[in-house]
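A.B. asks: The structure is given below, and queries will be raised subsequently.
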Amino acid sequence: MSDEPQPATYTPDPAINTLADWLGVPVAAADFPETKLRFRSDKAAAAIGLAGLSDEEWTGHFGRFAPLPGNLAAPLALKYHGHQFRNYNPDIGDGRGFLFAQMRGADGRLMDLGTKGSGTTPFSRAGDGRLTLKGAVREILATAMLEALGVNTSKTLSVVETGEPLERGDEPSPTRSAVMVRLSHSHIRIGTFQRLLAHEETEQMEALVAYCLEQFPGPPLPKDAPGRDEPAVMLMHNVVERMADLAASYMVAGFVHGVLNTDNMNVTGESFDYGPWRWLPSWDPSFTAAYFDHGGLYAFGRQPEALHWNCGQFAVALRLLADTKPLVFALERFGPLYMEAIARRWCWRLGVQPRGVETDSVMVSAAEKAMRESGAQPDAFFFTHRGKGRDLGAGRNAELAELLADYTRAGDTHEYWDDDAPQSMVVDEVEAIWSAIDERDDWTKLTDKVAALQRMGEAHGPAPIPAGHA
């Protein structure tokens with residue numbers, strides 16, 4: 001999930017080459033007017049053996065996209081379809097990004113380097129293939145906060161400012177431009193499978209399923225699962241388990257992704273591609289991040305439903321290879337797995353030992369009720385329990401206080417829990433960080449915030465993982 005990455009030796013392994021002929025299109029990066037390094041995560045780079053790069057080497061690889069040794073000879077713009085706000089769109093794909101490289105992490109797992117804002121591709125349509133610097137800064141903040149809160153997320157590896165003035169309709173323009181590189185375990189989406197179904201490419205679907213099972217293995221399937229030895233069924237179970245945990249992690253983090261389309265759903269269960277995201281100012285299930293989500297389809301409280309629906313579309317795609325019954329069996333596991341994940345992650349964030357899903361679910365309901373009634377900002381609510389005084393509920397919500405009295409508390413010795421206030425990521429702070437960069441080219445607020453979030457992550461420790469998972 002979000003364990004601390006261990007230092008690694010650079011070990012290139014462009015495994016995607018076995019699928020590349022039909023999975024993507026070779027492309028070239030844009031020739032940017034300038035490449036000014038603005039952010040590099042040596043923590044993430046150390047996990048793939050690249051922390052030793054000089055700044056000049058770094059911008060050469062992640063601003064000019066000179067190939068890494070032994071890696072992909074040319075970037076690969078990936079092909080996929082997807083449901084966008086539940087409307088099927090066959091005319092998408094990597095329109096402003098590409099898969100740049102693959103290598104092994106210290107744990108032997110395959111890692112991808114993917115881009116955002118790296119220029120136009122055959123899938124750009126009317127887009128300019130670029131990324132605003134503000135969008136890149138927001139991605140840095142989103143991934144840092146999510147990692148600290150135990151969410152399985154991509155990591156922002158690099159941001160390079162590119163010197164092009166961009167026109168955008170939703171922010172003051174012209175605005176500054178950037179290219180970003182993310183680190184994740186995969187860029188294979190549910191939408192990747194949807195495209196293969198649309199073209200009835202059975203052999204390619206079989207090859208992609210085999211690739212995913214080899215590179216991203218999951219835990220053993222339930223013994224009563226029908227078709228449990230069929231590759232497509234195995235992958236369906238893996239994705240359902242990962243998506244249920246991802247949905248729960250969003251809810252416990254108080255995070256609203258904003259655009260949970262099937263082309264934004266990674267089969268590894270890693271959250272990625274952050275656009276109009278927000279953190280909750282208060283516990284409001286109807287809170288919506290994207291200004292264009294007029295119907296609230298991806299509102300905070302509807303995120304589990306959205307990920308479950310996306311899993312359903314994955315099952316539809318896999319019908320090219322498997323019967324309906326075993327796929328539906330896997331899909332029906334989402335609800336119970338989600339409830340288990342909510343209980344597990346809620347106890348982790350509160351700093352108490354779980355007591356069983358039924359008991360923990362009662363406590364979670366009482367905590368949600370207390371947040372709604374008090375109007376507390378969720379980060380402050382959780383911190384109050386684990387920080388100074390440890391008095392969540394005492395004199396405020398008798399029902400919750402009574403329930404929590406039966407829980408064993410974690411031995412929180414990290415100095416973070418003695419701070420006067422928790423770290424948070426409400427929109428006013430995001431805007432203040434961006435304003436310092438935009439108006440004064442002052443990056444200290446951003447670097448200080450990232451360091452503070454890493455400290456918060458250390459205090460929380462690794463997020464709990466489901467039973468049976470490595």
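Lettering and numbering for the structure tokens are positional, with chains as A, B, ... in the shown order, residues counted from 1 in each chain, and ligands counted from 1 in the shown order.
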So which residues touch Asp21 in chain A within 12 Å, counting only C-alpha atoms, skipping near sequence neighbours fewer than 3 positions away, as a ChimeraX atom specification?
C.D. replies: /A:16-18,24-26,76-79,204
A.B. asks: List every residue of range 215-436 of chain A that DSSP, applied to the backbone, labels as strand (DSSP E or B), and write the result as a VMD selection string.
C.D. replies: chain A and resid 255 to 256 266 271 278 to 279 352 409
A.B. asks: What is the distance, in Å and to one decimal place, between CA of Gly191 in chain A and CA of Arg86 in chain A?
C.D. replies: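 Computing it gives 12.1 Å between the two atoms.
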A.B. asks: Kindly indicate which residue among A:Thr192, A:Thr156, A:Gln377, A:Ser177 lies nearest to Thr35 in chain A, using only C-alpha atoms for the distances.
C.D. replies: A:Ser177
A.B. asks: Which residues are close to Arg104 in chain A, i.e. within 7 Å by only C-alpha atoms, leaving aside same-chain residues fewer than 2 positions away? Reply as a compact mmCIF listing (two decimals) with N, CA, C and O atoms, in the first residue's frame.
C.D. replies:
# COMPACT_ATOMS: atom_id res chain seq x y z
N THR A 11 17.20 -0.52 -12.10
CA THR A 11 17.07 -1.81 -12.79
C THR A 11 16.01 -1.69 -13.87
O THR A 11 14.82 -1.93 -13.64
N PRO A 12 16.41 -1.27 -15.08
CA PRO A 12 15.42 -1.09 -16.14
C PRO A 12 14.76 -2.40 -16.52
O PRO A 12 15.40 -3.45 -16.56
N ASP A 13 13.44 -2.32 -16.79
CA ASP A 13 12.71 -3.51 -17.23
C ASP A 13 11.47 -3.06 -18.00
O ASP A 13 10.37 -3.02 -17.47
N ILE A 48 13.63 3.82 -7.04
CA ILE A 48 13.89 3.24 -8.35
C ILE A 48 15.33 3.47 -8.80
O ILE A 48 15.67 3.33 -9.97
N ALA A 106 12.96 -1.66 -5.25
CA ALA A 106 13.77 -2.48 -4.35
C ALA A 106 13.08 -3.77 -3.97
O ALA A 106 13.73 -4.78 -3.69
N GLY A 108 11.30 -5.51 -5.98
CA GLY A 108 11.14 -6.32 -7.18
C GLY A 108 9.91 -6.02 -8.00
O GLY A 108 9.75 -6.56 -9.10
N ARG A 109 9.05 -5.14 -7.50
CA ARG A 109 7.82 -4.83 -8.23
C ARG A 109 8.11 -3.88 -9.39
O ARG A 109 9.00 -3.04 -9.33
N LEU A 110 7.32 -4.05 -10.45
CA LEU A 110 7.48 -3.20 -11.63
C LEU A 110 6.96 -1.80 -11.34
O LEU A 110 5.89 -1.63 -10.75
N MET A 111 7.72 -0.78 -11.75
CA MET A 111 7.34 0.60 -11.55
C MET A 111 7.31 1.31 -12.90
O MET A 111 8.14 1.04 -13.77
A.B. asks: I'd like to know which of A:Gly93, A:Pro75, A:Gly296, A:Pro7 is closest to Ala47 in chain A, using only C-alpha atoms.
C.D. replies: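 Of A:Gly93, A:Pro75, A:Gly296, A:Pro7, the one nearest Ala47 in chain A is A:Pro7, counting only C-alpha atoms.
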A.B. asks: Which of these, A:Leu331, A:Leu72, A:Ala376, A:Leu453, has the shortest distance to Asn310 in chain A once you count only C-alpha atoms?
C.D. replies: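 Checking each candidate against Asn310 in chain A, we get A:Leu331 as the closest.
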A.B. asks: As number ranges by chain, please: every residue in range 201-355 of chain A that a backbone DSSP assignment puts in helix (DSSP H, G or I).
C.D. replies: A: 202-215, 231-253, 262-264, 300-318, 324-331, 334-350
A.B. asks: Any chance you could export the current selection's C-alpha atoms as a PDB file, in the first residue's frame?
C.D. replies:
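Below you can see out_6.pdb, which holds the result:
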ATOM      1  CA  THR A 202      -9.612 -11.432 -27.700  1.00  0.00           C
ATOM      2  CA  GLU A 203      -5.972 -12.410 -28.052  1.00  0.00           C
ATOM      3  CA  GLN A 204      -4.797  -9.011 -26.920  1.00  0.00           C
ATOM      4  CA  MET A 205      -7.184  -9.144 -23.950  1.00  0.00           C
ATOM      5  CA  GLU A 206      -5.753 -12.518 -22.944  1.00  0.00           C
ATOM      6  CA  ALA A 207      -2.223 -11.128 -23.205  1.00  0.00           C
ATOM      7  CA  LEU A 208      -3.117  -8.066 -21.115  1.00  0.00           C
ATOM      8  CA  VAL A 209      -4.764 -10.182 -18.416  1.00  0.00           C
ATOM      9  CA  ALA A 210      -1.663 -12.381 -18.283  1.00  0.00           C
ATOM     10  CA  TYR A 211       0.576  -9.297 -18.036  1.00  0.00           C
ATOM     11  CA  CYS A 212      -1.461  -7.877 -15.146  1.00  0.00           C
ATOM     12  CA  LEU A 213      -1.487 -11.151 -13.233  1.00  0.00           C
ATOM     13  CA  GLU A 214       2.250 -11.582 -13.675  1.00  0.00           C
ATOM     14  CA  GLN A 215       3.216  -8.022 -12.804  1.00  0.00           C
ATOM     15  CA  PRO A 231      -7.090 -15.759 -15.442  1.00  0.00           C
ATOM     16  CA  ALA A 232      -9.816 -13.183 -16.208  1.00  0.00           C
ATOM     17  CA  VAL A 233     -11.737 -14.159 -13.071  1.00  0.00           C
ATOM     18  CA  MET A 234      -8.591 -13.958 -10.966  1.00  0.00           C
ATOM     19  CA  LEU A 235      -7.909 -10.448 -12.249  1.00  0.00           C
ATOM     20  CA  MET A 236     -11.502  -9.393 -11.625  1.00  0.00           C
ATOM     21  CA  HIS A 237     -11.210 -10.414  -7.965  1.00  0.00           C
ATOM     22  CA  ASN A 238      -7.913  -8.562  -7.639  1.00  0.00           C
ATOM     23  CA  VAL A 239      -9.339  -5.358  -9.054  1.00  0.00           C
ATOM     24  CA  VAL A 240     -12.503  -5.531  -6.923  1.00  0.00           C
ATOM     25  CA  GLU A 241     -10.421  -5.947  -3.759  1.00  0.00           C
ATOM     26  CA  ARG A 242      -8.161  -3.045  -4.687  1.00  0.00           C
ATOM     27  CA  MET A 243     -10.997  -0.723  -5.670  1.00  0.00           C
ATOM     28  CA  ALA A 244     -12.952  -1.447  -2.479  1.00  0.00           C
ATOM     29  CA  ASP A 245      -9.911  -0.530  -0.411  1.00  0.00           C
ATOM     30  CA  LEU A 246      -9.250   2.566  -2.540  1.00  0.00           C
ATOM     31  CA  ALA A 247     -12.834   3.766  -2.078  1.00  0.00           C
ATOM     32  CA  ALA A 248     -12.555   3.320   1.679  1.00  0.00           C
ATOM     33  CA  SER A 249      -9.227   5.135   1.761  1.00  0.00           C
ATOM     34  CA  TYR A 250     -10.756   8.163   0.027  1.00  0.00           C
ATOM     35  CA  MET A 251     -13.574   8.292   2.556  1.00  0.00           C
ATOM     36  CA  VAL A 252     -11.342   7.981   5.614  1.00  0.00           C
ATOM     37  CA  ALA A 253      -9.002  10.626   4.188  1.00  0.00           C
ATOM     38  CA  THR A 262     -13.036   4.431 -16.015  1.00  0.00           C
ATOM     39  CA  ASP A 263     -10.018   5.834 -17.864  1.00  0.00           C
ATOM     40  CA  ASN A 264      -8.801   7.149 -14.480  1.00  0.00           C
ATOM     41  CA  PHE A 300     -17.758  12.705  -1.673  1.00  0.00           C
ATOM     42  CA  GLY A 301     -20.427  10.296  -0.444  1.00  0.00           C
ATOM     43  CA  ARG A 302     -20.945   8.745  -3.889  1.00  0.00           C
ATOM     44  CA  GLN A 303     -17.327   7.735  -4.456  1.00  0.00           C
ATOM     45  CA  PRO A 304     -17.789   4.120  -3.280  1.00  0.00           C
ATOM     46  CA  GLU A 305     -20.746   3.799  -5.652  1.00  0.00           C
ATOM     47  CA  ALA A 306     -18.612   5.227  -8.474  1.00  0.00           C
ATOM     48  CA  LEU A 307     -15.777   2.764  -7.968  1.00  0.00           C
ATOM     49  CA  HIS A 308     -18.244  -0.124  -7.687  1.00  0.00           C
ATOM     50  CA  TRP A 309     -19.865   0.979 -10.959  1.00  0.00           C
ATOM     51  CA  ASN A 310     -16.449   1.115 -12.593  1.00  0.00           C
ATOM     52  CA  CYS A 311     -15.741  -2.420 -11.417  1.00  0.00           C
ATOM     53  CA  GLY A 312     -18.995  -3.392 -13.123  1.00  0.00           C
ATOM     54  CA  GLN A 313     -17.674  -1.976 -16.390  1.00  0.00           C
ATOM     55  CA  PHE A 314     -14.505  -3.989 -15.912  1.00  0.00           C
ATOM     56  CA  ALA A 315     -16.637  -7.112 -15.570  1.00  0.00           C
ATOM     57  CA  VAL A 316     -18.444  -6.226 -18.800  1.00  0.00           C
ATOM     58  CA  ALA A 317     -15.100  -5.955 -20.594  1.00  0.00           C
ATOM     59  CA  LEU A 318     -13.878  -9.275 -19.220  1.00  0.00           C
ATOM     60  CA  THR A 324     -20.965 -13.824 -16.331  1.00  0.00           C
ATOM     61  CA  LYS A 325     -21.490 -15.840 -13.123  1.00  0.00           C
ATOM     62  CA  PRO A 326     -17.888 -15.835 -11.798  1.00  0.00           C
ATOM     63  CA  LEU A 327     -17.455 -12.175 -12.677  1.00  0.00           C
ATOM     64  CA  VAL A 328     -20.653 -11.214 -10.876  1.00  0.00           C
ATOM     65  CA  PHE A 329     -19.550 -13.277  -7.857  1.00  0.00           C
ATOM     66  CA  ALA A 330     -16.377 -11.205  -7.726  1.00  0.00           C
ATOM     67  CA  LEU A 331     -18.272  -7.930  -8.180  1.00  0.00           C
ATOM     68  CA  PHE A 334     -17.165  -5.157  -3.296  1.00  0.00           C
ATOM     69  CA  GLY A 335     -19.669  -4.161  -0.600  1.00  0.00           C
ATOM     70  CA  PRO A 336     -18.392  -6.431   2.208  1.00  0.00           C
ATOM     71  CA  LEU A 337     -14.768  -5.708   1.283  1.00  0.00           C
ATOM     72  CA  TYR A 338     -15.491  -1.978   1.368  1.00  0.00           C
ATOM     73  CA  MET A 339     -17.040  -2.194   4.835  1.00  0.00           C
ATOM     74  CA  GLU A 340     -14.040  -4.176   6.095  1.00  0.00           C
ATOM     75  CA  ALA A 341     -11.695  -1.580   4.640  1.00  0.00           C
ATOM     76  CA  ILE A 342     -13.627   1.322   6.163  1.00  0.00           C
ATOM     77  CA  ALA A 343     -13.465  -0.253   9.614  1.00  0.00           C
ATOM     78  CA  ARG A 344      -9.791  -1.144   9.271  1.00  0.00           C
ATOM     79  CA  ARG A 345      -8.728   2.268   7.967  1.00  0.00           C
ATOM     80  CA  TRP A 346     -10.956   4.293  10.318  1.00  0.00           C
ATOM     81  CA  CYS A 347      -9.467   2.591  13.353  1.00  0.00           C
ATOM     82  CA  TRP A 348      -5.991   3.170  11.938  1.00  0.00           C
ATOM     83  CA  ARG A 349      -6.584   6.887  11.497  1.00  0.00           C
ATOM     84  CA  LEU A 350      -8.150   7.223  14.946  1.00  0.00           C
TER      85      LEU A 350
END
A.B. asks: Do you know which residues are at most 9 Å from Glu147 in chain A counting only C-alpha atoms, after dropping those on the same chain fewer than 6 positions away, and could you put them as a list in words?
C.D. replies: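 Surrounding residues, per the criterion: Ser2, Thr153, Ser154, Lys155, Leu453, Gln454 and Gly457 of chain A.
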A.B. asks: Select, from A:Leu149, A:Ala126, A:Ala225, A:Leu320, the residue with the minimum atom-to-atom distance to Phe382 in chain A, counting only C-alpha atoms.
C.D. replies: A:Leu149
A.B. asks: Extract, using only C-alpha atoms, all DNA, RNA and protein residues at most 7 Å from range 418-427 of chain A, discarding same-chain residues fewer than 5 positions from it, and format them as a list in words.
C.D. replies: Arg278, Trp279, Pro281, Asp379, Ala380, Phe383, Gly387, Lys388 and Leu453 of chain A
A.B. asks: Hey, can you spit out that residue selection with N, CA, C and O atoms as a short mmCIF file (atom, residue, chain, number, x, y, z; two decimals), in the first residue's frame?
C.D. replies:
data_model
loop_
_atom_site.label_atom_id
_atom_site.label_comp_id
_atom_site.auth_asym_id
_atom_site.auth_seq_id
_atom_site.Cartn_x
_atom_site.Cartn_y
_atom_site.Cartn_z
N ARG A 278 -10.47 18.00 -4.08
CA ARG A 278 -10.60 18.83 -2.87
C ARG A 278 -10.60 17.92 -1.64
O ARG A 278 -10.95 16.74 -1.72
N TRP A 279 -10.22 18.49 -0.50
CA TRP A 279 -10.45 17.85 0.79
C TRP A 279 -11.66 18.49 1.44
O TRP A 279 -11.94 19.68 1.21
N PRO A 281 -14.10 20.43 3.74
CA PRO A 281 -14.06 21.44 4.81
C PRO A 281 -14.88 21.00 6.02
O PRO A 281 -14.63 21.43 7.14
N ASP A 379 -9.90 16.53 9.32
CA ASP A 379 -8.52 16.37 9.79
C ASP A 379 -8.41 16.77 11.26
O ASP A 379 -7.72 16.11 12.05
N ALA A 380 -9.08 17.85 11.63
CA ALA A 380 -9.07 18.29 13.03
C ALA A 380 -9.78 17.29 13.92
O ALA A 380 -9.36 17.04 15.06
N PHE A 383 -7.45 14.34 14.49
CA PHE A 383 -6.28 14.76 15.25
C PHE A 383 -6.62 14.99 16.71
O PHE A 383 -5.80 14.70 17.60
N GLY A 387 -4.20 13.69 19.21
CA GLY A 387 -3.29 14.75 19.62
C GLY A 387 -3.43 15.10 21.08
O GLY A 387 -3.83 14.29 21.92
N LYS A 388 -3.11 16.34 21.38
CA LYS A 388 -3.12 16.79 22.77
C LYS A 388 -4.48 16.55 23.42
O LYS A 388 -5.51 16.90 22.87
N LEU A 453 3.94 17.27 5.48
CA LEU A 453 3.08 16.13 5.18
C LEU A 453 3.84 14.82 5.32
O LEU A 453 3.28 13.81 5.78
#
A.B. asks: Considering only C-alpha atoms, return as a PDB file with all heavy atoms, in the first residue's frame whatever protein or nucleic-acid residues lie within 6 Å of Val179 in chain A, sequence-local ones (same chain, fewer than 6 positions apart) excluded.
C.D. replies:
ATOM      1  N   LYS A 116       2.634  13.943 -17.612  1.00  0.00           N
ATOM      2  CA  LYS A 116       1.453  14.779 -17.792  1.00  0.00           C
ATOM      3  C   LYS A 116       1.949  16.141 -18.276  1.00  0.00           C
ATOM      4  O   LYS A 116       2.817  16.749 -17.639  1.00  0.00           O
ATOM      5  CB  LYS A 116       0.692  14.915 -16.460  1.00  0.00           C
ATOM      6  CG  LYS A 116      -0.684  15.533 -16.557  1.00  0.00           C
ATOM      7  CD  LYS A 116      -1.370  15.434 -15.190  1.00  0.00           C
ATOM      8  CE  LYS A 116      -2.787  15.981 -15.207  1.00  0.00           C
ATOM      9  NZ  LYS A 116      -3.442  15.839 -13.880  1.00  0.00           N
ATOM     10  N   GLY A 117       1.445  16.564 -19.435  1.00  0.00           N
ATOM     11  CA  GLY A 117       1.865  17.839 -19.987  1.00  0.00           C
ATOM     12  C   GLY A 117       3.064  17.748 -20.898  1.00  0.00           C
ATOM     13  O   GLY A 117       3.721  18.760 -21.160  1.00  0.00           O
ATOM     14  N   SER A 118       3.336  16.556 -21.434  1.00  0.00           N
ATOM     15  CA  SER A 118       4.552  16.335 -22.216  1.00  0.00           C
ATOM     16  C   SER A 118       4.375  16.579 -23.705  1.00  0.00           C
ATOM     17  O   SER A 118       5.282  16.314 -24.493  1.00  0.00           O
ATOM     18  CB  SER A 118       5.067  14.911 -21.986  1.00  0.00           C
ATOM     19  OG  SER A 118       4.019  13.961 -22.111  1.00  0.00           O
ATOM     20  N   VAL A 159       8.629  17.894 -11.370  1.00  0.00           N
ATOM     21  CA  VAL A 159       7.935  18.977 -12.064  1.00  0.00           C
ATOM     22  C   VAL A 159       8.989  19.908 -12.647  1.00  0.00           C
ATOM     23  O   VAL A 159       9.867  20.395 -11.917  1.00  0.00           O
ATOM     24  CB  VAL A 159       6.981  19.752 -11.139  1.00  0.00           C
ATOM     25  CG1 VAL A 159       6.465  21.019 -11.829  1.00  0.00           C
ATOM     26  CG2 VAL A 159       5.817  18.871 -10.706  1.00  0.00           C
ATOM     27  N   VAL A 160       8.908  20.130 -13.950  1.00  0.00           N
ATOM     28  CA  VAL A 160       9.815  21.018 -14.659  1.00  0.00           C
ATOM     29  C   VAL A 160       8.985  22.099 -15.332  1.00  0.00           C
ATOM     30  O   VAL A 160       8.042  21.794 -16.073  1.00  0.00           O
ATOM     31  CB  VAL A 160      10.638  20.246 -15.709  1.00  0.00           C
ATOM     32  CG1 VAL A 160      11.439  21.195 -16.585  1.00  0.00           C
ATOM     33  CG2 VAL A 160      11.558  19.229 -15.024  1.00  0.00           C
TER      34      VAL A 160
END
A.B. asks: Excluding Thr121 in chain A and its own-chain neighbours fewer than 5 positions away, which residues fall within 9 Å of it when counting only C-alpha atoms? Please give them as a list in words.
C.D. replies: Val25, Val27, Ala28, Ala29, Ala77, Gly93, Asp94, Gly95, Arg96, Gly97, Phe98 and Gly129 of chain A
A.B. asks: In Å to one decimal, how far is CA of Pro219 in chain A from CA of Arg319 in chain A?
C.D. replies: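 Computing the Euclidean distance for CA of Arg319 in chain A and CA of Pro219 in chain A yields 22.1 Å.
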A.B. asks: Return the single residue from A:Asp112, A:Glu399, A:Glu161, A:Asp284 that is closest to Ile188 in chain A, with distances computed using only C-alpha atoms.
C.D. replies: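 Of all the options, A:Asp112 lies closest to Ile188 in chain A.
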A.B. asks: Can you tell me how far CA of Gly105 in chain A sits from CA of Ala46 in chain A, in Å to one decimal?
C.D. replies: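 These two atoms are separated by 9.0 Å.
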